[in-house]
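Listing of run-v9.txt, compact mmCIF, C-alpha atoms and all ligand atoms
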```txt
# COMPACT_ATOMS: atom_id res chain seq x y z
CA MET J 1 56.49 -92.04 -44.56
CA THR J 2 56.55 -88.40 -43.50
CA GLU J 3 53.13 -86.97 -42.84
CA THR J 4 52.42 -83.34 -43.66
CA ILE J 5 51.00 -80.99 -41.02
CA LEU J 6 49.40 -77.67 -41.96
CA PHE J 7 49.23 -74.73 -39.52
CA VAL J 8 46.96 -71.79 -40.34
CA ASP J 9 47.20 -68.48 -38.49
CA ASP J 10 47.05 -64.83 -39.56
CA GLU J 11 49.86 -63.93 -37.10
CA GLU J 12 53.25 -64.50 -38.66
CA ASN J 13 55.09 -64.76 -35.31
CA ILE J 14 52.81 -67.63 -34.29
CA LEU J 15 53.56 -69.55 -37.49
CA ASN J 16 57.30 -68.93 -37.00
CA SER J 17 57.08 -70.17 -33.44
CA VAL J 18 55.23 -73.33 -34.50
CA VAL J 19 57.82 -74.07 -37.18
CA ARG J 20 60.60 -73.76 -34.52
CA THR J 21 58.67 -76.11 -32.20
CA PHE J 22 58.52 -78.80 -34.91
CA VAL J 23 62.02 -78.30 -36.30
CA ASP J 24 63.25 -81.65 -34.92
CA SER J 25 60.07 -83.60 -35.67
CA ASP J 26 59.68 -86.17 -38.45
CA PHE J 27 56.77 -84.25 -39.96
CA THR J 28 56.73 -81.93 -42.96
CA ILE J 29 55.37 -78.60 -41.71
CA LEU J 30 53.41 -76.28 -44.01
CA THR J 31 51.96 -72.93 -42.97
CA ALA J 32 49.30 -70.62 -44.39
CA PRO J 33 48.42 -67.05 -43.31
CA ASP J 34 44.73 -67.41 -44.18
CA ALA J 35 42.02 -69.95 -44.91
CA ALA J 36 42.05 -69.40 -48.69
CA GLN J 37 45.73 -70.35 -48.99
CA ALA J 38 45.15 -73.25 -46.60
CA LEU J 39 42.38 -74.58 -48.86
CA ASP J 40 44.72 -74.47 -51.86
CA LEU J 41 47.26 -76.55 -49.92
CA LEU J 42 44.55 -78.99 -48.78
CA LYS J 43 43.57 -79.51 -52.42
CA SER J 44 47.09 -79.86 -53.77
CA SER J 45 48.81 -81.88 -50.99
CA THR J 46 47.92 -84.77 -48.74
CA ILE J 47 47.57 -83.14 -45.33
CA ALA J 48 47.44 -85.52 -42.34
CA VAL J 49 46.65 -82.92 -39.68
CA LEU J 50 45.32 -79.37 -39.98
CA ILE J 51 45.70 -76.98 -37.03
CA THR J 52 43.91 -73.69 -37.50
CA ASP J 53 43.26 -70.49 -35.62
CA ASN J 54 39.57 -69.51 -35.52
CA MET J 55 39.43 -65.70 -35.61
CA MET J 56 41.07 -64.71 -38.91
CA PRO J 57 40.27 -61.99 -41.43
CA GLY J 58 38.18 -63.37 -44.32
CA MET J 59 37.18 -66.95 -43.74
CA SER J 60 37.12 -68.12 -40.10
CA GLY J 61 38.83 -71.26 -38.84
CA MET J 62 35.42 -72.85 -38.32
CA GLU J 63 34.48 -72.27 -41.96
CA LEU J 64 37.85 -73.62 -43.07
CA LEU J 65 37.31 -76.80 -41.02
CA GLU J 66 33.88 -77.23 -42.55
CA LEU J 67 35.29 -76.97 -46.09
CA THR J 68 38.12 -79.33 -45.13
CA LYS J 69 35.48 -82.01 -44.50
CA VAL J 70 34.64 -81.74 -48.21
CA VAL J 71 38.00 -81.17 -49.92
CA SER J 72 40.14 -83.40 -47.69
CA PRO J 73 37.89 -85.62 -45.55
CA ASN J 74 40.72 -87.77 -44.17
CA THR J 75 42.59 -84.81 -42.68
CA VAL J 76 42.45 -84.76 -38.87
CA LYS J 77 41.23 -81.35 -37.69
CA ILE J 78 42.53 -79.42 -34.66
CA MET J 79 41.45 -75.93 -33.67
CA MET J 80 43.77 -73.50 -31.91
CA THR J 81 42.47 -70.26 -30.49
CA ALA J 82 43.45 -67.49 -28.10
CA TYR J 83 40.82 -68.00 -25.45
CA THR J 84 38.43 -70.62 -24.30
CA ASP J 85 35.22 -69.84 -26.06
CA LEU J 86 32.88 -72.65 -25.00
CA PRO J 87 30.22 -72.22 -27.72
CA THR J 88 32.99 -72.32 -30.35
CA VAL J 89 34.44 -75.47 -28.78
CA ILE J 90 31.08 -77.21 -28.79
CA GLU J 91 30.29 -76.07 -32.32
CA ALA J 92 33.71 -77.24 -33.52
CA ILE J 93 33.31 -80.66 -31.95
CA ASN J 94 29.74 -81.21 -33.16
CA ARG J 95 29.68 -79.54 -36.53
CA VAL J 96 33.12 -80.14 -38.00
CA GLU J 97 34.24 -83.20 -36.02
CA VAL J 98 37.29 -81.43 -34.64
CA PHE J 99 39.74 -83.87 -33.07
CA ARG J 100 41.24 -81.62 -30.37
CA PHE J 101 41.19 -78.03 -29.18
CA ILE J 102 44.37 -76.18 -28.21
CA VAL J 103 44.29 -72.94 -26.22
CA LYS J 104 46.90 -70.24 -26.82
CA PRO J 105 49.45 -69.69 -25.41
CA TRP J 106 50.26 -73.35 -25.83
CA ASP J 107 52.70 -75.59 -24.07
CA ASN J 108 55.18 -76.91 -26.66
CA GLN J 109 55.19 -80.47 -25.31
CA GLN J 110 51.42 -80.51 -25.28
CA LEU J 111 51.28 -79.21 -28.85
CA LEU J 112 53.76 -81.85 -30.05
CA ALA J 113 51.80 -84.59 -28.26
CA THR J 114 48.45 -83.41 -29.64
CA VAL J 115 49.72 -83.24 -33.21
CA SER J 116 51.34 -86.65 -32.79
CA ASP J 117 47.99 -88.10 -31.58
CA GLY J 118 46.38 -86.51 -34.63
CA VAL J 119 48.91 -88.18 -36.95
CA ASN J 120 48.26 -91.56 -35.29
CA ARG J 121 44.54 -91.13 -35.84
CA TYR J 122 45.18 -90.23 -39.48
CA ARG J 123 47.36 -93.34 -39.97
CA LEU J 124 44.66 -95.57 -38.49
CA LEU J 125 41.93 -94.13 -40.72
CA ASP J 126 44.24 -94.33 -43.70
CA SER J 127 45.03 -98.00 -43.14
CA LEU J 128 41.34 -98.81 -42.68
CA ARG J 129 40.65 -97.04 -45.93
CA HIS J 130 43.26 -99.07 -47.77
CA GLU J 131 41.97 -102.29 -46.34
CA SER J 132 38.42 -101.38 -47.27
CA GLU J 133 39.54 -100.72 -50.85
CA ALA J 134 40.43 -104.41 -51.22
CA VAL J 135 37.12 -105.38 -49.58
CA LEU J 136 35.18 -103.06 -51.90
CA TYR J 137 36.82 -104.49 -54.99
CA ALA J 138 36.13 -108.04 -53.82
CA LEU J 139 32.47 -107.08 -53.38
CA ALA J 140 32.33 -105.64 -56.91
CA GLU J 141 33.74 -108.91 -58.28
CA THR J 142 31.08 -110.85 -56.38
CA ILE J 143 28.39 -108.82 -58.15
CA GLU J 144 30.02 -109.63 -61.50
CA LEU J 145 29.99 -113.36 -60.67
CA LYS J 146 26.23 -113.17 -60.23
CA ASP J 147 25.84 -111.61 -63.68
CA PRO J 148 28.52 -113.09 -66.01
CA TYR J 149 27.69 -110.61 -68.75
CA THR J 150 28.98 -107.81 -66.59
CA LYS J 151 32.46 -109.34 -66.17
CA GLY J 152 34.92 -106.47 -66.05
CA HIS J 153 32.05 -103.95 -66.24
CA CYS J 154 32.72 -102.32 -62.84
CA GLU J 155 36.41 -101.80 -63.57
CA ARG J 156 35.65 -100.35 -67.02
CA VAL J 157 32.98 -98.03 -65.63
CA ALA J 158 35.50 -96.80 -63.05
CA HIS J 159 38.07 -96.26 -65.82
CA TYR J 160 35.70 -94.17 -67.97
CA ALA J 161 34.32 -92.24 -64.99
CA LEU J 162 37.83 -91.33 -63.82
CA LEU J 163 38.76 -90.07 -67.29
CA ILE J 164 35.90 -87.56 -66.95
CA ALA J 165 36.80 -86.77 -63.31
CA ASP J 166 40.40 -86.07 -64.40
CA LYS J 167 39.24 -83.54 -67.00
CA LEU J 168 37.17 -81.82 -64.30
CA ASN J 169 40.24 -81.67 -62.02
CA LEU J 170 38.30 -83.17 -59.13
CA PRO J 171 40.29 -83.67 -55.89
CA ASP J 172 41.96 -87.06 -55.35
CA ASN J 173 39.64 -88.07 -52.51
CA VAL J 174 36.59 -87.42 -54.71
CA LYS J 175 38.19 -89.49 -57.49
CA ASP J 176 38.78 -92.32 -55.02
CA ASP J 177 35.11 -92.26 -54.09
CA ILE J 178 34.09 -92.16 -57.76
CA ARG J 179 36.22 -95.28 -58.27
CA PHE J 180 34.60 -97.06 -55.30
CA GLY J 181 31.12 -95.90 -56.38
CA SER J 182 31.77 -97.13 -59.95
CA TRP J 183 32.81 -100.54 -58.66
CA LEU J 184 29.74 -100.76 -56.45
CA HIS J 185 27.10 -98.90 -58.50
CA ASP J 186 25.14 -102.09 -59.17
CA CYS J 187 25.73 -103.76 -55.79
CA GLY J 188 21.95 -103.68 -55.20
CA LYS J 189 21.67 -106.31 -57.96
CA ILE J 190 22.58 -108.81 -55.28
CA GLY J 191 18.89 -108.48 -54.36
CA VAL J 192 17.66 -109.23 -57.92
CA PRO J 193 17.08 -112.92 -58.90
CA GLU J 194 19.61 -114.26 -61.42
CA GLN J 195 16.93 -115.49 -63.83
CA ILE J 196 15.80 -111.87 -64.18
CA LEU J 197 19.33 -110.45 -64.54
CA ASN J 198 20.30 -113.01 -67.17
CA ALA J 199 16.96 -113.31 -68.99
CA PRO J 200 17.65 -113.51 -72.77
CA ARG J 201 14.32 -111.77 -73.51
CA SER J 202 12.42 -108.57 -72.71
CA LEU J 203 11.44 -108.35 -69.05
CA ARG J 204 7.86 -108.44 -67.79
CA THR J 205 6.55 -105.35 -65.98
CA ASP J 206 6.86 -106.95 -62.54
CA GLU J 207 10.46 -107.97 -63.34
CA ILE J 208 11.30 -104.44 -64.44
CA VAL J 209 9.94 -103.15 -61.12
CA THR J 210 12.23 -105.60 -59.27
CA VAL J 211 15.32 -104.59 -61.28
CA ARG J 212 14.54 -100.93 -60.67
CA PHE J 213 14.85 -101.42 -56.95
CA HIS J 214 18.58 -102.15 -57.23
CA PRO J 215 19.78 -98.54 -56.71
CA GLU J 216 17.75 -98.18 -53.51
CA TRP J 217 18.78 -101.57 -52.13
CA GLY J 218 22.42 -100.87 -52.93
CA ALA J 219 22.38 -97.38 -51.43
CA GLU J 220 20.86 -98.72 -48.24
CA VAL J 221 23.67 -101.27 -47.90
CA ALA J 222 26.27 -98.57 -48.57
CA ARG J 223 24.66 -96.28 -45.98
CA LYS J 224 24.77 -99.02 -43.34
CA ALA J 225 28.42 -99.68 -44.19
CA ARG J 226 29.01 -95.96 -43.52
CA MET J 227 30.40 -95.33 -46.99
CA SER J 228 30.92 -91.75 -48.10
CA PRO J 229 27.98 -89.69 -49.44
CA ILE J 230 29.67 -89.64 -52.87
CA VAL J 231 29.67 -93.46 -53.07
CA ILE J 232 26.06 -93.60 -51.82
CA ASN J 233 24.95 -90.96 -54.38
CA ILE J 234 26.50 -92.94 -57.23
CA ILE J 235 24.78 -96.15 -56.16
CA ARG J 236 21.40 -94.49 -55.60
CA ASN J 237 21.29 -92.06 -58.53
CA HIS J 238 23.12 -93.71 -61.47
CA HIS J 239 19.76 -94.37 -63.23
CA GLU J 240 18.40 -90.83 -62.97
CA ARG J 241 17.81 -89.08 -66.32
CA TYR J 242 19.06 -85.55 -67.01
CA SER J 243 15.65 -84.47 -68.39
CA GLY J 244 13.75 -86.31 -65.62
CA GLY J 245 11.83 -89.56 -65.52
CA GLY J 246 14.69 -91.66 -64.12
CA TYR J 247 14.66 -93.66 -60.90
CA PRO J 248 14.50 -93.87 -57.92
CA ASP J 249 14.20 -90.13 -57.14
CA ASN J 250 13.10 -88.64 -60.51
CA LEU J 251 15.77 -85.93 -60.22
CA THR J 252 16.62 -83.59 -63.11
CA GLY J 253 19.65 -81.67 -64.42
CA GLU J 254 22.13 -80.57 -61.81
CA GLY J 255 19.77 -81.81 -59.11
CA ILE J 256 21.35 -85.18 -59.88
CA PRO J 257 24.65 -85.42 -57.94
CA LEU J 258 27.66 -84.70 -60.20
CA GLU J 259 29.30 -88.02 -59.38
CA ALA J 260 26.12 -89.92 -60.39
CA ARG J 261 25.91 -87.98 -63.69
CA ILE J 262 29.53 -88.94 -64.43
CA VAL J 263 29.02 -92.63 -63.67
CA ALA J 264 25.76 -92.72 -65.70
CA ILE J 265 27.77 -91.78 -68.82
CA ALA J 266 30.48 -94.36 -68.08
CA ASP J 267 27.86 -97.04 -67.34
CA THR J 268 25.88 -96.29 -70.52
CA TYR J 269 28.97 -96.36 -72.74
CA ASP J 270 30.18 -99.66 -71.32
CA ALA J 271 26.70 -101.21 -71.59
CA LEU J 272 26.63 -100.21 -75.28
CA THR J 273 30.08 -101.54 -76.12
CA SER J 274 30.01 -104.84 -74.20
CA THR J 275 28.11 -108.09 -74.77
CA ARG J 276 24.75 -108.28 -72.99
CA PRO J 277 22.18 -111.12 -72.91
CA TYR J 278 19.81 -109.04 -75.03
CA ASN J 279 22.17 -107.40 -77.55
CA GLU J 280 25.51 -107.56 -79.33
CA PRO J 281 28.20 -104.99 -78.55
CA ARG J 282 28.07 -101.78 -80.58
CA SER J 283 31.08 -100.43 -82.39
CA ARG J 284 32.86 -97.45 -80.87
CA GLU J 285 31.47 -95.19 -83.62
CA ASP J 286 27.88 -96.42 -83.08
CA ALA J 287 28.22 -95.98 -79.32
CA ILE J 288 29.48 -92.41 -79.79
CA GLY J 289 26.45 -91.67 -82.00
CA ILE J 290 24.07 -93.11 -79.39
CA LEU J 291 25.71 -91.08 -76.58
CA ARG J 292 25.12 -87.96 -78.71
CA GLU J 293 21.44 -88.87 -79.01
CA LEU J 294 21.16 -89.47 -75.27
CA SER J 295 22.86 -86.17 -74.37
CA CYS J 296 20.37 -83.75 -72.74
CA LYS J 297 17.77 -86.52 -72.51
CA GLU J 298 19.33 -89.15 -70.29
CA LEU J 299 22.86 -87.78 -69.89
CA ASP J 300 24.36 -84.47 -68.76
CA PRO J 301 25.25 -82.66 -72.03
CA ALA J 302 28.39 -80.89 -70.72
CA LEU J 303 29.82 -84.07 -69.21
CA THR J 304 28.87 -86.11 -72.28
CA GLU J 305 30.72 -83.57 -74.43
CA ILE J 306 33.82 -84.02 -72.26
CA PHE J 307 33.61 -87.81 -72.57
CA LEU J 308 33.03 -87.70 -76.34
CA ASP J 309 36.04 -85.42 -76.65
CA ILE J 310 38.15 -88.00 -74.75
CA LEU J 311 36.84 -90.86 -76.94
CA GLU J 312 37.49 -88.95 -80.15
CA LYS J 313 40.98 -87.78 -79.21
CA GLU J 314 42.32 -90.85 -77.42
CA GLU J 315 42.19 -93.98 -79.52
CA HIS J 316 43.22 -96.32 -76.68
CA VAL J 317 40.26 -95.44 -74.41
FE FE J 401 22.41 -100.05 -62.38
```

I'd like the structure from this file rewritten - as structure tokens, please.
Ligand SMILES: [Fe+2]
Amino acid sequence: MTETILFVDDEENILNSVVRTFVDSDFTILTAPDAAQALDLLKSSTIAVLITDNMMPGMSGMELLELTKVVSPNTVKIMMTAYTDLPTVIEAINRVEVFRFIVKPWDNQQLLATVSDGVNRYRLLDSLRHESEAVLYALAETIELKDPYTKGHCERVAHYALLIADKLNLPDNVKDDIRFGSWLHDCGKIGVPEQILNAPRSLRTDEIVTVRFHPEWGAEVARKARMSPIVINIIRNHHERYSGGGYPDNLTGEGIPLEARIVAIADTYDALTSTRPYNEPRSREDAIGILRELSCKELDPALTEIFLDILEKEEHV
């Protein structure tokens, strides 16, 4: 597989020179004359390594690297600048987790070696990520085993949540995390006794308190496993209510992380349309009506509208 490398510099002759240096390499080389165009490329392509100048008109290289952490977190970041500016080096290493620092004028062999090290680091992280995907899914299935009524629930929640994420044109890495977060949103239920989870009756107050701890327990596990903030937010905040009064943080409106608001809709719809110990599945039409009632109260109205639009237009959903 050919990895893609992105060079960003406002000086055209530098970009031309870099392209010549890498002409015989196995990598696909992209260039951008400023941070804004670089960000577009980071959103639209899978970039293994980003090498950016710091002092550029408009957005600086440092700001670009900071945004890269959000839009393309797996990209390995290298900063290239004209002089050794120690505070910038330290800031780059600490704040944006820059992998290496290259000082201009560069030595071609050193540049090739540094980029090649960056690609190796990217491949390692990428393979870990793929392996962890299988581990994450296995964990989600373990949760379903504990609560037989939720068989297939995690996968369906992920499916519905990704339909909404697609309509919002969220970047691929965010969609990946929404998938993982959907699979794992109830992983804290591992800490809830099975007789409570499967009770075919209304729960006592003390049992409700126990069940309501599952987002916090799950988020704590995810934090220790160093999962991404998006996954942790979904696990912790999928029971918040748009108008307030949810748990565990009693957040409201857009104070609730976007990814958690998306998964709350997916989770609610699947809970309504699947068999539970305490109720029969609702028809699609009934579930749509209930989602309408919950919009603005429990669920984000704009996102609910998007999901209802998908349900109404696409019969197979
Ligand atoms: Fe939950």

Contact table chain J vs ligand FE 401 (chain J), cut-off 7 Å, shortest pair per residue, all atoms listed in the file, as CSV:
```
residue,atom,partner,partner_atom,distance
J:His185,CA,J:FE401,FE,6.2
J:Asp186,CA,J:FE401,FE,4.7
J:His214,CA,J:FE401,FE,6.8
J:Pro215,CA,J:FE401,FE,6.4
J:His238,CA,J:FE401,FE,6.4
J:His239,CA,J:FE401,FE,6.3
```

Shortest interatomic distance to Arg100 of chain J - which of J:Leu64, J:Ile51, J:Val209, J:Met59, counting all atoms listed in the file: J:Ile51

Near-Ile230 of chain J list (7 Å; all atoms listed in the file; drop same-chain fewer than 4 positions) as a VMD selection string: chain J and resid 177 234 259

For C-alpha atoms, I'd like the residues from the last selection saved as a CSV table (one decimal), keeping the file's coordinate frame.
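Saved file result.csv follows:
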```csv
chain,number,residue,atom,x,y,z
J,177,ASP,CA,35.1,-92.3,-54.1
J,234,ILE,CA,26.5,-92.9,-57.2
J,259,GLU,CA,29.3,-88.0,-59.4
```

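Among the candidates J:Val19, J:Ile290, J:Ala302, J:Ala35, the one nearest to Leu168 of chain J when counting only C-alpha atoms is J:Ala302.
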
Minimum-distance residue to Ile208 of chain J, chosen among J:Tyr137, J:Tyr247, J:Trp106, J:Phe99 (using all atoms listed in the file): J:Tyr247

From J:Leu184, J:Val96, J:Val70, J:Met79, residue lying nearest Leu111 of chain J [only C-alpha atoms]: J:Met79

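Between Tyr269 of chain J and the candidates J:Tyr160, J:Phe7, J:Phe180, J:Tyr122, the tightest atom-to-atom separation, counting only C-alpha atoms, involves J:Tyr160.
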
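We find atom CA of Glu298 of chain J and atom CA of Val317 of chain J to be spaced 22.2 Å apart.
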
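With only C-alpha atoms as the basis for measurement, J:Met80 is the residue among J:Leu163, J:Leu41, J:Met80, J:Val119 that approaches Ile14 of chain J most closely.
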
Long-range neighbours of Val211 of chain J as a ChimeraX atom specification, 12 Å cut-off, only C-alpha atoms, 2 positions minimum in chain: /J:186-199,203-209,213-218,239,247-248

Å distance separating atom CA of Asp26 of chain J from atom CA of Thr2 of chain J, one decimal place: 6.3 Å

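Proximity to Phe101 of chain J at 10 Å, evaluated using all atoms listed in the file and with sequence-adjacent residues fewer than 6 positions away removed, yields Ile51, Thr52, Lys77, Ile78, Met79, Met80, Thr81, Thr84, Val89, Ala92, Ile93 and Thr114 of chain J.
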
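Our summary of the geometry notes that atom CA of Cys154 of chain J is positioned 17.5 Å from atom CA of Phe307 of chain J.
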
Test item: residues at most 10 Å from Asp176 of chain J, only C-alpha atoms, excluding those fewer than 3 positions along its chain, as a ChimeraX atom specification: /J:133,158,162,171-173,179-182,230-231

Residue neighbourhood Ala36 of chain J, 12 Å, all atoms listed in the file, exclusion window fewer than 5 positions, as a ChimeraX atom specification: /J:8-10,31,41-43,56-61,63-65,67-68
